>>> print(open('model38.txt').read())   # compact mmCIF, C-alpha atoms and all ligand atoms
# COMPACT_ATOMS: atom_id res chain seq x y z
CA MET A 1 8.75 17.32 4.04
CA LYS A 2 7.46 20.31 2.14
CA ASN A 3 10.69 20.57 0.26
CA ALA A 4 10.56 16.93 -0.60
CA ILE A 5 7.10 17.40 -2.05
CA ALA A 6 8.11 20.37 -4.13
CA ILE A 7 11.01 18.39 -5.48
CA ALA A 8 8.72 15.48 -6.16
CA VAL A 9 6.65 17.79 -8.33
CA PHE A 10 9.77 18.51 -10.27
CA GLY A 11 10.37 14.79 -10.61
CA PHE A 12 6.83 14.28 -11.74
CA PHE A 13 7.21 16.84 -14.49
CA ALA A 14 10.34 15.13 -15.63
CA PHE A 15 8.41 11.87 -15.80
CA LEU A 16 5.64 13.42 -17.83
CA LEU A 17 7.72 15.41 -20.26
CA THR A 18 10.12 12.74 -21.25
CA ALA A 19 7.42 10.11 -21.37
CA GLN A 20 5.53 12.25 -23.85
CA GLN A 21 8.62 12.68 -25.96
CA GLY A 22 8.80 8.91 -26.01
CA THR A 23 12.57 8.89 -25.84
CA ALA A 24 14.05 5.59 -24.84
CA ALA A 25 16.85 5.92 -22.34
CA GLU A 26 19.71 3.55 -21.67
CA LEU A 27 21.51 3.05 -18.40
CA LYS A 28 25.28 3.35 -18.60
CA SER A 29 26.23 2.92 -14.97
CA VAL A 30 25.34 3.48 -11.35
CA ARG A 31 27.87 5.20 -9.14
CA PHE A 32 28.08 5.96 -5.45
CA GLY A 33 29.96 8.85 -3.94
CA PRO A 34 30.16 8.65 -0.17
CA GLU A 35 31.02 12.00 1.37
CA SER A 36 30.92 13.06 4.99
CA GLY A 37 27.32 12.59 6.13
CA LYS A 38 26.05 12.20 2.57
CA THR A 39 25.94 9.56 -0.12
CA ARG A 40 25.45 10.68 -3.69
CA VAL A 41 23.88 8.09 -5.98
CA VAL A 42 24.31 8.82 -9.68
CA PHE A 43 22.58 7.03 -12.51
CA ASP A 44 24.40 7.73 -15.77
CA ILE A 45 21.87 7.54 -18.54
CA VAL A 46 21.95 8.08 -22.28
CA GLY A 47 18.78 10.00 -23.13
CA ALA A 48 16.54 11.94 -20.78
CA PRO A 49 15.31 9.68 -17.98
CA ALA A 50 11.61 9.48 -17.18
CA TYR A 51 11.68 8.59 -13.54
CA ALA A 52 9.77 8.75 -10.29
CA LEU A 53 10.90 8.18 -6.74
CA SER A 54 8.99 6.34 -4.08
CA GLY A 55 9.79 4.32 -1.02
CA ASP A 56 8.68 1.71 1.45
CA GLU A 57 6.42 3.74 3.68
CA LEU A 58 6.68 1.32 6.57
CA GLY A 59 10.13 2.64 7.13
CA ASN A 60 12.12 -0.43 6.18
CA GLY A 61 14.44 1.86 4.32
CA ARG A 62 13.84 0.82 0.74
CA LEU A 63 14.00 3.45 -1.92
CA PHE A 64 12.49 2.81 -5.35
CA VAL A 65 13.44 4.61 -8.51
CA ASP A 66 11.03 3.79 -11.32
CA PHE A 67 12.24 4.44 -14.83
CA LYS A 68 9.99 4.42 -17.84
CA GLY A 69 11.42 3.14 -21.09
CA LEU A 70 14.84 2.40 -19.67
CA SER A 71 16.97 -0.33 -21.18
CA ILE A 72 19.85 -1.82 -19.27
CA PRO A 73 22.53 -3.44 -21.45
CA PRO A 74 24.66 -6.12 -19.79
CA THR A 75 27.62 -3.75 -19.70
CA ALA A 76 25.74 -1.45 -17.32
CA LEU A 77 25.17 -4.37 -14.98
CA ALA A 78 28.84 -4.60 -14.10
CA LEU A 79 27.55 -2.55 -11.23
CA GLN A 80 29.61 -0.76 -8.71
CA PRO A 81 29.19 -2.10 -5.19
CA ALA A 82 26.87 -0.12 -2.95
CA MET A 83 28.48 2.30 -0.59
CA GLY A 84 27.77 4.82 2.11
CA HIS A 85 24.11 4.88 3.10
CA VAL A 86 23.20 2.19 0.59
CA ALA A 87 23.39 -1.39 1.83
CA ASN A 88 22.64 -2.97 -1.55
CA TYR A 89 20.67 -2.40 -4.74
CA GLN A 90 19.36 -4.11 -7.81
CA PHE A 91 17.14 -3.62 -10.81
CA VAL A 92 13.89 -5.40 -11.43
CA LYS A 93 11.52 -5.15 -14.36
CA ASN A 94 8.51 -2.97 -13.74
CA GLY A 95 5.74 -3.15 -16.25
CA GLU A 96 6.20 -3.47 -19.98
CA ASN A 97 9.30 -1.41 -20.57
CA GLY A 98 9.99 0.02 -17.15
CA MET A 99 12.74 -0.78 -14.70
CA ARG A 100 12.77 -0.28 -10.97
CA ALA A 101 15.95 0.28 -9.06
CA VAL A 102 15.50 -1.04 -5.53
CA LEU A 103 17.97 0.53 -3.14
CA THR A 104 18.05 -0.90 0.35
CA LEU A 105 19.25 1.81 2.66
CA LYS A 106 21.04 1.43 5.90
CA LYS A 107 18.67 2.32 8.68
CA THR A 108 20.04 5.77 9.22
CA ALA A 109 19.43 7.22 5.76
CA LYS A 110 16.83 9.57 4.37
CA ILE A 111 16.29 10.99 0.89
CA GLY A 112 17.75 14.42 0.39
CA GLU A 113 17.64 16.35 -2.86
CA TYR A 114 17.39 14.68 -6.23
CA PHE A 115 17.64 16.16 -9.67
CA VAL A 116 18.76 15.53 -13.23
CA ILE A 117 21.92 17.11 -14.64
CA GLU A 118 21.59 17.67 -18.36
CA PRO A 119 24.42 16.65 -20.70
CA THR A 120 27.22 19.19 -21.03
CA ALA A 121 30.00 19.73 -23.54
CA LYS A 122 32.17 17.44 -21.42
CA VAL A 123 29.62 14.87 -20.21
CA ALA A 124 27.37 13.30 -22.82
CA ASN A 125 25.10 11.47 -20.36
CA HIS A 126 22.16 12.63 -18.37
CA ARG A 127 22.83 12.14 -14.70
CA LEU A 128 20.06 11.42 -12.22
CA VAL A 129 21.48 12.40 -8.86
CA ILE A 130 19.98 11.33 -5.54
CA ASP A 131 21.57 12.55 -2.35
CA LEU A 132 21.09 10.40 0.73
CA LEU A 133 21.53 11.98 4.12
CA LYS A 134 21.78 10.80 7.67
CA GLY A 135 18.30 10.39 9.11
CA ASP A 136 16.24 8.08 11.27
CA LYS A 137 13.26 5.94 10.28
CA ALA A 138 10.78 8.79 10.73
CA ALA A 139 12.95 11.08 8.65
CA PHE A 140 13.15 8.47 5.91
CA ILE A 141 9.37 8.12 5.76
CA ALA A 142 8.95 11.89 5.75
CA SER A 143 11.46 12.19 2.93
CA ILE A 144 9.63 9.82 0.59
CA PRO A 145 8.07 11.89 -2.20
CA ALA A 146 4.31 11.76 -2.48
CA GLN A 147 3.16 9.13 -4.94
CA TYR A 148 2.43 10.58 -8.33
CA PRO A 149 -1.31 9.87 -8.38
CA ASP A 150 -1.58 12.17 -5.36
CA LEU A 151 0.37 14.95 -6.98
CA GLY A 152 -2.42 16.36 -9.13
CA PRO A 153 -3.68 18.78 -6.48
CA VAL A 154 -0.13 19.70 -5.48
CA ILE A 155 0.78 20.57 -9.04
CA GLU A 156 -2.43 22.51 -9.41
CA GLN A 157 -1.57 24.51 -6.32
CA ALA A 158 1.99 25.06 -7.36
CA THR A 159 0.95 26.33 -10.77
CA ALA A 160 -2.19 28.18 -9.69
CA VAL A 161 -2.48 31.93 -10.18
CA GLY A 162 -1.27 33.52 -6.98
CA ALA A 163 1.32 30.88 -6.28
CA ALA A 164 3.82 33.44 -7.56
CA ASP A 165 2.96 35.66 -4.57
CA VAL A 166 5.00 33.32 -2.42
CA ALA A 167 8.61 34.46 -2.16
CA PRO A 168 10.10 33.80 -5.60
CA LYS A 169 12.56 30.96 -5.25
CA PRO A 170 13.92 28.60 -7.86
CA ALA A 171 11.14 26.28 -8.99
CA VAL A 172 12.66 23.21 -7.44
CA GLN A 173 12.77 24.74 -3.99
CA ARG A 174 9.35 26.39 -3.99
CA GLU A 175 7.38 25.23 -1.01
CA VAL A 176 3.85 24.03 -1.54
CA ALA A 177 1.49 22.71 1.08
CA ALA A 178 0.32 19.22 0.30
CA PRO A 179 -3.34 18.48 0.92
CA PRO A 180 -3.61 15.62 3.41
CA ALA A 181 -3.83 12.42 1.39
CA LYS A 182 -6.87 10.28 2.10
CA ARG A 183 -6.25 6.66 2.90
CA VAL A 184 -8.07 4.13 0.81
CA ILE A 185 -9.93 1.42 2.71
CA VAL A 186 -11.47 -1.45 0.81
CA VAL A 187 -14.49 -2.99 2.50
CA ALA A 188 -15.67 -6.34 1.20
CA ALA A 189 -19.18 -7.36 2.18
CA GLY A 190 -19.00 -11.15 2.37
CA HIS A 191 -20.93 -12.99 -0.36
CA GLY A 192 -23.53 -11.25 -2.55
CA GLY A 193 -25.48 -11.82 -5.73
CA LYS A 194 -25.98 -15.52 -6.39
CA ASP A 195 -24.02 -16.40 -3.25
CA PRO A 196 -26.25 -15.76 -0.20
CA GLY A 197 -23.74 -16.97 2.41
CA ALA A 198 -25.16 -18.36 5.64
CA VAL A 199 -28.84 -18.15 6.55
CA GLY A 200 -30.19 -17.32 10.01
CA GLN A 201 -32.97 -19.14 11.85
CA GLY A 202 -35.22 -16.18 11.08
CA GLY A 203 -34.30 -16.31 7.40
CA THR A 204 -31.75 -13.49 7.40
CA LEU A 205 -29.23 -13.84 4.61
CA GLU A 206 -25.57 -13.24 5.38
CA LYS A 207 -25.11 -11.30 2.11
CA THR A 208 -27.81 -8.83 3.18
CA VAL A 209 -26.35 -7.97 6.59
CA THR A 210 -22.77 -7.79 5.32
CA LEU A 211 -23.79 -5.36 2.55
CA LYS A 212 -25.65 -3.17 5.06
CA ALA A 213 -22.69 -3.21 7.43
CA SER A 214 -20.24 -2.32 4.65
CA LYS A 215 -22.35 0.69 3.68
CA ALA A 216 -22.62 1.81 7.30
CA LEU A 217 -18.85 1.55 7.72
CA LYS A 218 -18.27 3.49 4.50
CA GLU A 219 -20.54 6.29 5.68
CA ILE A 220 -18.85 6.57 9.09
CA LEU A 221 -15.33 6.48 7.65
CA GLU A 222 -15.97 8.99 4.88
CA LYS A 223 -17.59 11.44 7.31
CA THR A 224 -14.20 11.83 9.00
CA GLY A 225 -12.75 13.21 5.77
CA ARG A 226 -9.69 11.00 6.25
CA TYR A 227 -10.66 8.02 4.12
CA ASP A 228 -11.85 7.00 0.72
CA VAL A 229 -13.83 3.81 1.07
CA VAL A 230 -14.13 1.41 -1.82
CA LEU A 231 -16.83 -1.24 -1.56
CA THR A 232 -16.45 -4.49 -3.47
CA HIS A 233 -20.09 -4.09 -4.46
CA ASN A 234 -22.72 -1.43 -3.82
CA ALA A 235 -25.84 -3.53 -4.27
CA ASP A 236 -26.85 -7.16 -4.42
CA ASN A 237 -27.38 -6.80 -8.17
CA ASP A 238 -24.10 -4.93 -8.71
CA PRO A 239 -23.01 -5.91 -12.23
CA ARG A 240 -19.40 -6.27 -11.06
CA LEU A 241 -20.26 -9.36 -9.00
CA ILE A 242 -19.01 -12.53 -10.68
CA PRO A 243 -21.08 -15.70 -10.14
CA ASN A 244 -17.96 -17.88 -10.07
CA GLN A 245 -16.82 -17.70 -6.44
CA ALA A 246 -13.10 -18.14 -7.01
CA LYS A 247 -13.13 -15.48 -9.70
CA GLU A 248 -15.13 -13.14 -7.50
CA LEU A 249 -12.63 -13.55 -4.64
CA ALA A 250 -9.78 -12.89 -7.02
CA ARG A 251 -11.57 -9.75 -8.19
CA ARG A 252 -11.85 -8.55 -4.59
CA GLU A 253 -8.16 -9.11 -3.98
CA SER A 254 -7.12 -7.24 -7.07
CA LEU A 255 -9.56 -4.47 -6.20
CA ALA A 256 -7.69 -3.93 -2.93
CA ARG A 257 -4.35 -3.79 -4.69
CA ASN A 258 -5.48 -1.67 -7.62
CA ALA A 259 -7.11 0.83 -5.30
CA ASN A 260 -3.77 1.18 -3.53
CA ALA A 261 -5.62 0.23 -0.35
CA ALA A 262 -4.08 0.91 3.03
CA LEU A 263 -6.35 -1.68 4.61
CA PHE A 264 -8.70 -4.42 3.46
CA ILE A 265 -11.63 -5.42 5.66
CA SER A 266 -13.88 -8.30 4.86
CA LEU A 267 -17.20 -8.51 6.71
CA HIS A 268 -18.97 -11.82 7.34
CA ALA A 269 -21.42 -13.48 9.68
CA ASP A 270 -20.58 -16.91 11.07
CA ALA A 271 -22.84 -19.94 11.29
CA LEU A 272 -22.74 -23.16 13.32
CA GLU A 273 -24.93 -26.19 13.94
CA ARG A 274 -24.82 -25.26 17.63
CA LYS A 275 -27.31 -22.41 17.82
CA ASP A 276 -26.18 -21.20 21.27
CA VAL A 277 -22.77 -20.06 20.09
CA ARG A 278 -22.58 -16.33 19.54
CA GLY A 279 -20.07 -13.52 19.26
CA GLY A 280 -17.77 -11.89 16.76
CA SER A 281 -14.22 -12.81 15.83
CA VAL A 282 -11.42 -11.41 13.74
CA TYR A 283 -9.27 -13.41 11.37
CA THR A 284 -5.88 -12.70 9.91
CA LEU A 285 -3.71 -14.80 7.66
CA SER A 286 -2.16 -17.92 9.16
CA ASP A 287 1.32 -19.22 8.38
CA LYS A 288 -0.31 -21.87 6.26
CA GLY A 289 -2.11 -19.13 4.40
CA THR A 290 1.13 -17.30 3.96
CA GLU A 291 2.65 -20.33 2.31
CA ARG A 292 -0.34 -20.65 0.06
CA SER A 293 -0.20 -17.00 -0.81
CA ALA A 294 3.43 -17.37 -1.79
CA LYS A 295 2.67 -20.47 -3.80
CA VAL A 296 -0.26 -18.91 -5.60
CA ALA A 297 1.74 -15.82 -6.36
CA LYS A 298 4.54 -17.87 -7.86
CA THR A 299 2.43 -20.31 -9.82
CA GLU A 300 -0.30 -17.97 -10.99
CA GLY A 301 2.08 -15.07 -10.99
CA ASN A 302 -0.71 -12.57 -10.89
CA TYR A 303 0.18 -10.65 -7.77
CA THR A 304 1.59 -7.22 -7.55
CA VAL A 305 4.11 -6.82 -4.79
CA TYR A 306 5.36 -3.34 -4.07
CA GLN A 307 3.77 -2.30 -7.34
CA LEU A 308 5.80 -4.92 -9.16
CA ASP A 309 3.99 -7.58 -11.09
CA THR A 310 5.37 -10.95 -10.03
CA ARG A 311 4.97 -12.16 -13.60
CA GLU A 312 7.96 -10.01 -14.39
CA PHE A 313 10.11 -12.12 -12.11
CA LYS A 314 9.85 -15.35 -14.06
CA ASP A 315 13.48 -15.04 -15.08
CA ASN A 316 14.62 -13.60 -11.81
CA GLU A 317 13.26 -15.82 -9.11
CA TYR A 318 15.51 -14.48 -6.42
CA VAL A 319 14.26 -10.93 -6.70
CA GLY A 320 10.66 -12.05 -6.87
CA ASP A 321 10.98 -14.21 -3.77
CA MET A 322 12.81 -11.56 -1.85
CA LEU A 323 10.30 -8.81 -2.52
CA PHE A 324 7.45 -11.18 -1.92
CA ASP A 325 8.77 -12.33 1.44
CA ILE A 326 9.34 -8.80 2.57
CA ALA A 327 5.87 -7.67 1.56
CA GLN A 328 4.25 -10.70 3.14
CA GLY A 329 6.05 -10.32 6.43
CA LYS A 330 5.18 -6.68 6.57
CA THR A 331 1.50 -7.12 5.84
CA ASN A 332 1.09 -10.04 8.23
CA SER A 333 2.35 -8.09 11.20
CA ALA A 334 0.33 -5.04 10.16
CA SER A 335 -2.79 -7.21 9.84
CA SER A 336 -2.25 -8.71 13.31
CA GLN A 337 -1.67 -5.28 14.78
CA PHE A 338 -4.90 -4.00 13.32
CA ALA A 339 -6.80 -7.13 14.40
CA ALA A 340 -5.73 -6.61 18.01
CA LYS A 341 -6.83 -3.00 17.91
CA LEU A 342 -10.15 -3.92 16.34
CA LEU A 343 -10.94 -6.45 19.07
CA LYS A 344 -10.09 -3.92 21.76
CA LYS A 345 -12.50 -1.41 20.25
CA LEU A 346 -15.25 -3.98 19.73
CA ALA A 347 -15.14 -5.16 23.34
CA GLY A 348 -18.23 -3.90 25.14
CA LYS A 349 -19.87 -2.89 21.87
CA THR A 350 -20.81 -6.34 20.64
CA PRO A 351 -20.38 -9.90 22.01
CA LEU A 352 -17.08 -11.56 21.06
CA LEU A 353 -15.92 -15.14 21.04
CA ASN A 354 -13.45 -16.10 23.74
CA LYS A 355 -10.55 -16.66 21.43
CA SER A 356 -11.63 -14.06 18.99
CA HIS A 357 -8.46 -13.39 17.03
CA ARG A 358 -8.16 -16.40 14.78
CA LYS A 359 -5.59 -17.12 12.16
CA ALA A 360 -6.98 -18.78 9.11
CA ASP A 361 -6.16 -19.69 5.60
CA LEU A 362 -8.87 -17.65 4.01
CA ARG A 363 -8.54 -16.90 0.38
CA VAL A 364 -9.82 -13.37 0.82
CA LEU A 365 -6.87 -12.48 3.05
CA LEU A 366 -4.26 -13.62 0.58
CA ALA A 367 -3.44 -10.36 -1.15
CA PRO A 368 0.19 -10.18 -0.17
CA ASP A 369 0.74 -6.46 -0.08
CA VAL A 370 -2.37 -5.07 1.60
CA PRO A 371 -2.94 -5.55 5.36
CA ALA A 372 -6.16 -7.50 5.60
CA VAL A 373 -8.55 -8.76 8.25
CA LEU A 374 -11.77 -10.70 8.10
CA PHE A 375 -14.34 -9.69 10.70
CA GLU A 376 -16.99 -12.32 11.48
CA MET A 377 -19.36 -9.83 13.02
CA ALA A 378 -21.61 -12.30 14.81
CA TYR A 379 -23.26 -15.72 14.48
CA ILE A 380 -26.21 -15.45 12.13
CA SER A 381 -27.21 -18.94 13.39
CA ASN A 382 -27.82 -17.54 16.88
CA THR A 383 -31.14 -15.72 17.27
CA GLU A 384 -29.79 -12.90 19.44
CA ASP A 385 -26.87 -12.33 17.10
CA GLU A 386 -29.22 -12.50 14.12
CA ALA A 387 -31.34 -9.75 15.71
CA ASN A 388 -28.19 -7.69 16.20
CA LEU A 389 -27.16 -8.14 12.59
CA ASN A 390 -30.55 -6.78 11.55
CA SER A 391 -30.46 -3.86 13.96
CA ALA A 392 -29.46 -0.45 12.61
CA ALA A 393 -28.41 0.68 16.09
CA TRP A 394 -26.13 -2.32 16.56
CA ARG A 395 -24.68 -1.79 13.11
CA LYS A 396 -23.93 1.85 13.83
CA ARG A 397 -22.31 1.00 17.18
CA THR A 398 -20.26 -1.89 15.86
CA MET A 399 -19.11 -0.19 12.66
CA GLY A 400 -18.30 2.87 14.75
CA ALA A 401 -15.93 0.68 16.74
CA VAL A 402 -14.37 -0.60 13.53
CA ALA A 403 -13.88 2.98 12.33
CA SER A 404 -12.25 4.05 15.57
CA ALA A 405 -9.92 1.05 15.40
CA ILE A 406 -8.94 2.17 11.90
CA ASP A 407 -8.31 5.70 13.15
CA GLU A 408 -6.19 4.51 16.03
CA TYR A 409 -4.26 2.06 13.87
CA PHE A 410 -3.12 4.76 11.46
CA GLU A 411 -2.51 7.34 14.16
CA GLU A 412 -0.44 4.94 16.21
CA ASN A 413 1.59 3.75 13.27
CA GLN A 414 2.66 7.27 12.51
CA GLN A 415 3.48 8.00 16.14
CA GLN A 416 5.42 4.80 16.40
CA TYR A 417 7.61 5.82 13.50
CA ALA A 418 8.25 9.16 15.09
CA GLN A 419 9.16 7.61 18.44
CA THR A 420 11.22 4.58 17.54
CA GLY A 421 13.04 6.28 14.70
CA GLY A 422 15.68 4.13 13.12
CA ALA A 423 16.27 2.07 16.25
CA GLY A 424 13.58 -0.51 15.63
CA GLY A 425 13.34 -2.29 12.35
CA ASN A 426 11.09 -5.29 12.27
ZN ZN B 1 -19.35 -15.60 5.10
>>> encode(input="model38.txt", output="structure tokens", more="lines below")
Ligand SMILES: [Zn+2]
Amino acid sequence: MKNAIAIAVFGFFAFLLTAQQGTAAELKSVRFGPESGKTRVVFDIVGAPAYALSGDELGNGRLFVDFKGLSIPPTALALQPAMGHVANYQFVKNGENGMRAVLTLKKTAKIGEYFVIEPTAKVANHRLVIDLLKGDKAAFIASIPAQYPDLGPVIEQATAVGAADVAPKPAVQREVAAPPAKRVIVVAAGHGGKDPGAVGQGGTLEKTVTLKASKALKEILEKTGRYDVVLTHNADNDPRLIPNQAKELARRESLARNANAALFISLHADALERKDVRGGSVYTLSDKGTERSAKVAKTEGNYTVYQLDTREFKDNEYVGDMLFDIAQGKTNSASSQFAAKLLKKLAGKTPLLNKSHRKADLRVLLAPDVPAVLFEMAYISNTEDEANLNSAAWRKRTMGAVASAIDEYFEENQQQYAQTGGAGGN
């Protein structure tokens, strides 16, 4: 892991340097060299490649190579069939002039070393070499380089005065300790601003109790030092709130994606004509919602799936659909997993409805690539629940349960990878 990070730093520098030079690169070919226990993937490129490696961190064995300013002439697309550890691969557009190579690995592969070979007297091309080695699911996840936005501190450490005290090794192999990355959680307080939401018998506004709850959850989560919490709004007069409801919901979705959120939690309070009904419930996306999400993504084309803008797929429907389906399937099962955990933690802390895990077509849950749940904390239309929603002690207890569900969800996911290795899949 440490090696992988050090090498990622190297990759990051390559990305920076060549991007600054502004050189446009052109792909000549992609080659595969299966050897015993290793598959060497070589991208032949004219011009220095600006690239970055990343991967599907849920362990589905997808490796992404993002190139900046790479053109791919039709001749380069007479691609060699995938071999060795690579099941298949293709290129998709990524941003304005970027390309992403998506390599689907066989389940037993992990990323080994990767580096660029400069042109020589005999070979005019740059060669980006990625070695794939035998490894299980856990090993694959561990081998994924840290994402570049997280690399700032790593680079700082690697280049800090005193770093040279560490045994002098070639730069690429120097080991640096990565600071633990904080997970980003987006918490959306339901309603707000001109939209009050439901109103309790005692006059409590839903937007008031959801905002208070979101702030309480943020405080608890950030105290652990493991999370960065992004709130959709910090106050009822937050200038970011958009009066148009559809636009506001769209803003919340894109907030979750742009923040690179690991989890999206929406907080609400329910209301019914029947005042005796009380208790919380948790919603995740239904199949109907999934269909709608897919439809919206294709028609509006404004979703980012695996950091790829679906608008880029207009001419390549197959790739767009494929990535979208994969992302959607992944996030739905992750959302359901978290919902189950949340209900378990809430039990005994606050009243819950009998059938408390609902599946619903709720617009707020439609972001296709971020696991999302909607927590109806209680019925604001029930006087006891309304009192709870206004109680600081209840809020602390209930949001504490939410925080511990979040902790357990992430802990368990990591353990699961380590235990099941490559055997599982999903
Ligand atoms: Zn609501």
>>> atom_distance(input="model38.txt", atom1="CA of Ile144 in chain A", atom2="CA of Arg62 in chain A")
9.9 Å
>>> residues_near_ligand(input="model38.txt", ligand="ligand ZN 1 (chain B)", cutoff="6 Å", atoms="all atoms listed in the file", output="list in words")
Gly190, Gly197, His268 and Ala269 of chain A
>>> residues_near_point(input="model38.txt", point="(13.0, 9.5, 3.7)", cutoff="8 Å", atoms="all atoms listed in the file", output="ChimeraX atom specification")
/A:55,61,109-112,135,137-144
>>> residues_around(input="model38.txt", residues="His191 in chain A", least_positions_apart="6", cutoff="12 Å", atoms="all atoms listed in the file", output="PyMOL selection string")
chain A and resi 197-199+205-211+214+232-233+235-237+241-246+248-249+252+266-269+364
>>> atom_distance(input="model38.txt", atom1="CA of Lys275 in chain A", atom2="CA of Arg397 in chain A")
23.9 Å
>>> residues_near_point(input="model38.txt", point="(-21.2, 1.3, 7.1)", cutoff="10 Å", atoms="all atoms listed in the file", output="PDB file with C-alpha atoms, keeping the file's coordinate frame")
ATOM      1  CA  VAL A 187     -14.490  -2.990   2.500  1.00  0.00           C
ATOM      2  CA  THR A 210     -22.770  -7.790   5.320  1.00  0.00           C
ATOM      3  CA  LEU A 211     -23.790  -5.360   2.550  1.00  0.00           C
ATOM      4  CA  LYS A 212     -25.650  -3.170   5.060  1.00  0.00           C
ATOM      5  CA  ALA A 213     -22.690  -3.210   7.430  1.00  0.00           C
ATOM      6  CA  SER A 214     -20.240  -2.320   4.650  1.00  0.00           C
ATOM      7  CA  LYS A 215     -22.350   0.690   3.680  1.00  0.00           C
ATOM      8  CA  ALA A 216     -22.620   1.810   7.300  1.00  0.00           C
ATOM      9  CA  LEU A 217     -18.850   1.550   7.720  1.00  0.00           C
ATOM     10  CA  LYS A 218     -18.270   3.490   4.500  1.00  0.00           C
ATOM     11  CA  GLU A 219     -20.540   6.290   5.680  1.00  0.00           C
ATOM     12  CA  ILE A 220     -18.850   6.570   9.090  1.00  0.00           C
ATOM     13  CA  LEU A 221     -15.330   6.480   7.650  1.00  0.00           C
ATOM     14  CA  GLU A 222     -15.970   8.990   4.880  1.00  0.00           C
ATOM     15  CA  VAL A 229     -13.830   3.810   1.070  1.00  0.00           C
ATOM     16  CA  ARG A 395     -24.680  -1.790  13.110  1.00  0.00           C
ATOM     17  CA  LYS A 396     -23.930   1.850  13.830  1.00  0.00           C
ATOM     18  CA  THR A 398     -20.260  -1.890  15.860  1.00  0.00           C
ATOM     19  CA  MET A 399     -19.110  -0.190  12.660  1.00  0.00           C
ATOM     20  CA  GLY A 400     -18.300   2.870  14.750  1.00  0.00           C
ATOM     21  CA  VAL A 402     -14.370  -0.600  13.530  1.00  0.00           C
ATOM     22  CA  ALA A 403     -13.880   2.980  12.330  1.00  0.00           C
TER      23      ALA A 403
END
>>> closest_residue(input="model38.txt", among="A:Ile130, A:Asn332, A:Ala121, A:Asp66", to="Val30 in chain A", atoms="only C-alpha atoms")
A:Ile130
>>> atom_distance(input="model38.txt", atom1="CA of Leu255 in chain A", atom2="CA of Ala189 in chain A")
13.1 Å
>>> closest_residue(input="model38.txt", among="A:Gly84, A:Pro49, A:Gly280, A:Gly203", to="Lys349 in chain A", atoms="only C-alpha atoms")
A:Gly280
>>> closest_residue(input="model38.txt", among="A:Ala101, A:Ala24, A:Leu53, A:Leu133", to="Lys38 in chain A", atoms="all atoms listed in the file")
A:Leu133
>>> closest_residue(input="model38.txt", among="A:Asn260, A:Glu384, A:Glu408, A:Leu374", to="Asp228 in chain A", atoms="only C-alpha atoms")
A:Asn260
>>> closest_residue(input="model38.txt", among="A:Leu231, A:Ala392, A:Ala401, A:Ala339", to="Pro371 in chain A", atoms="only C-alpha atoms")
A:Ala339
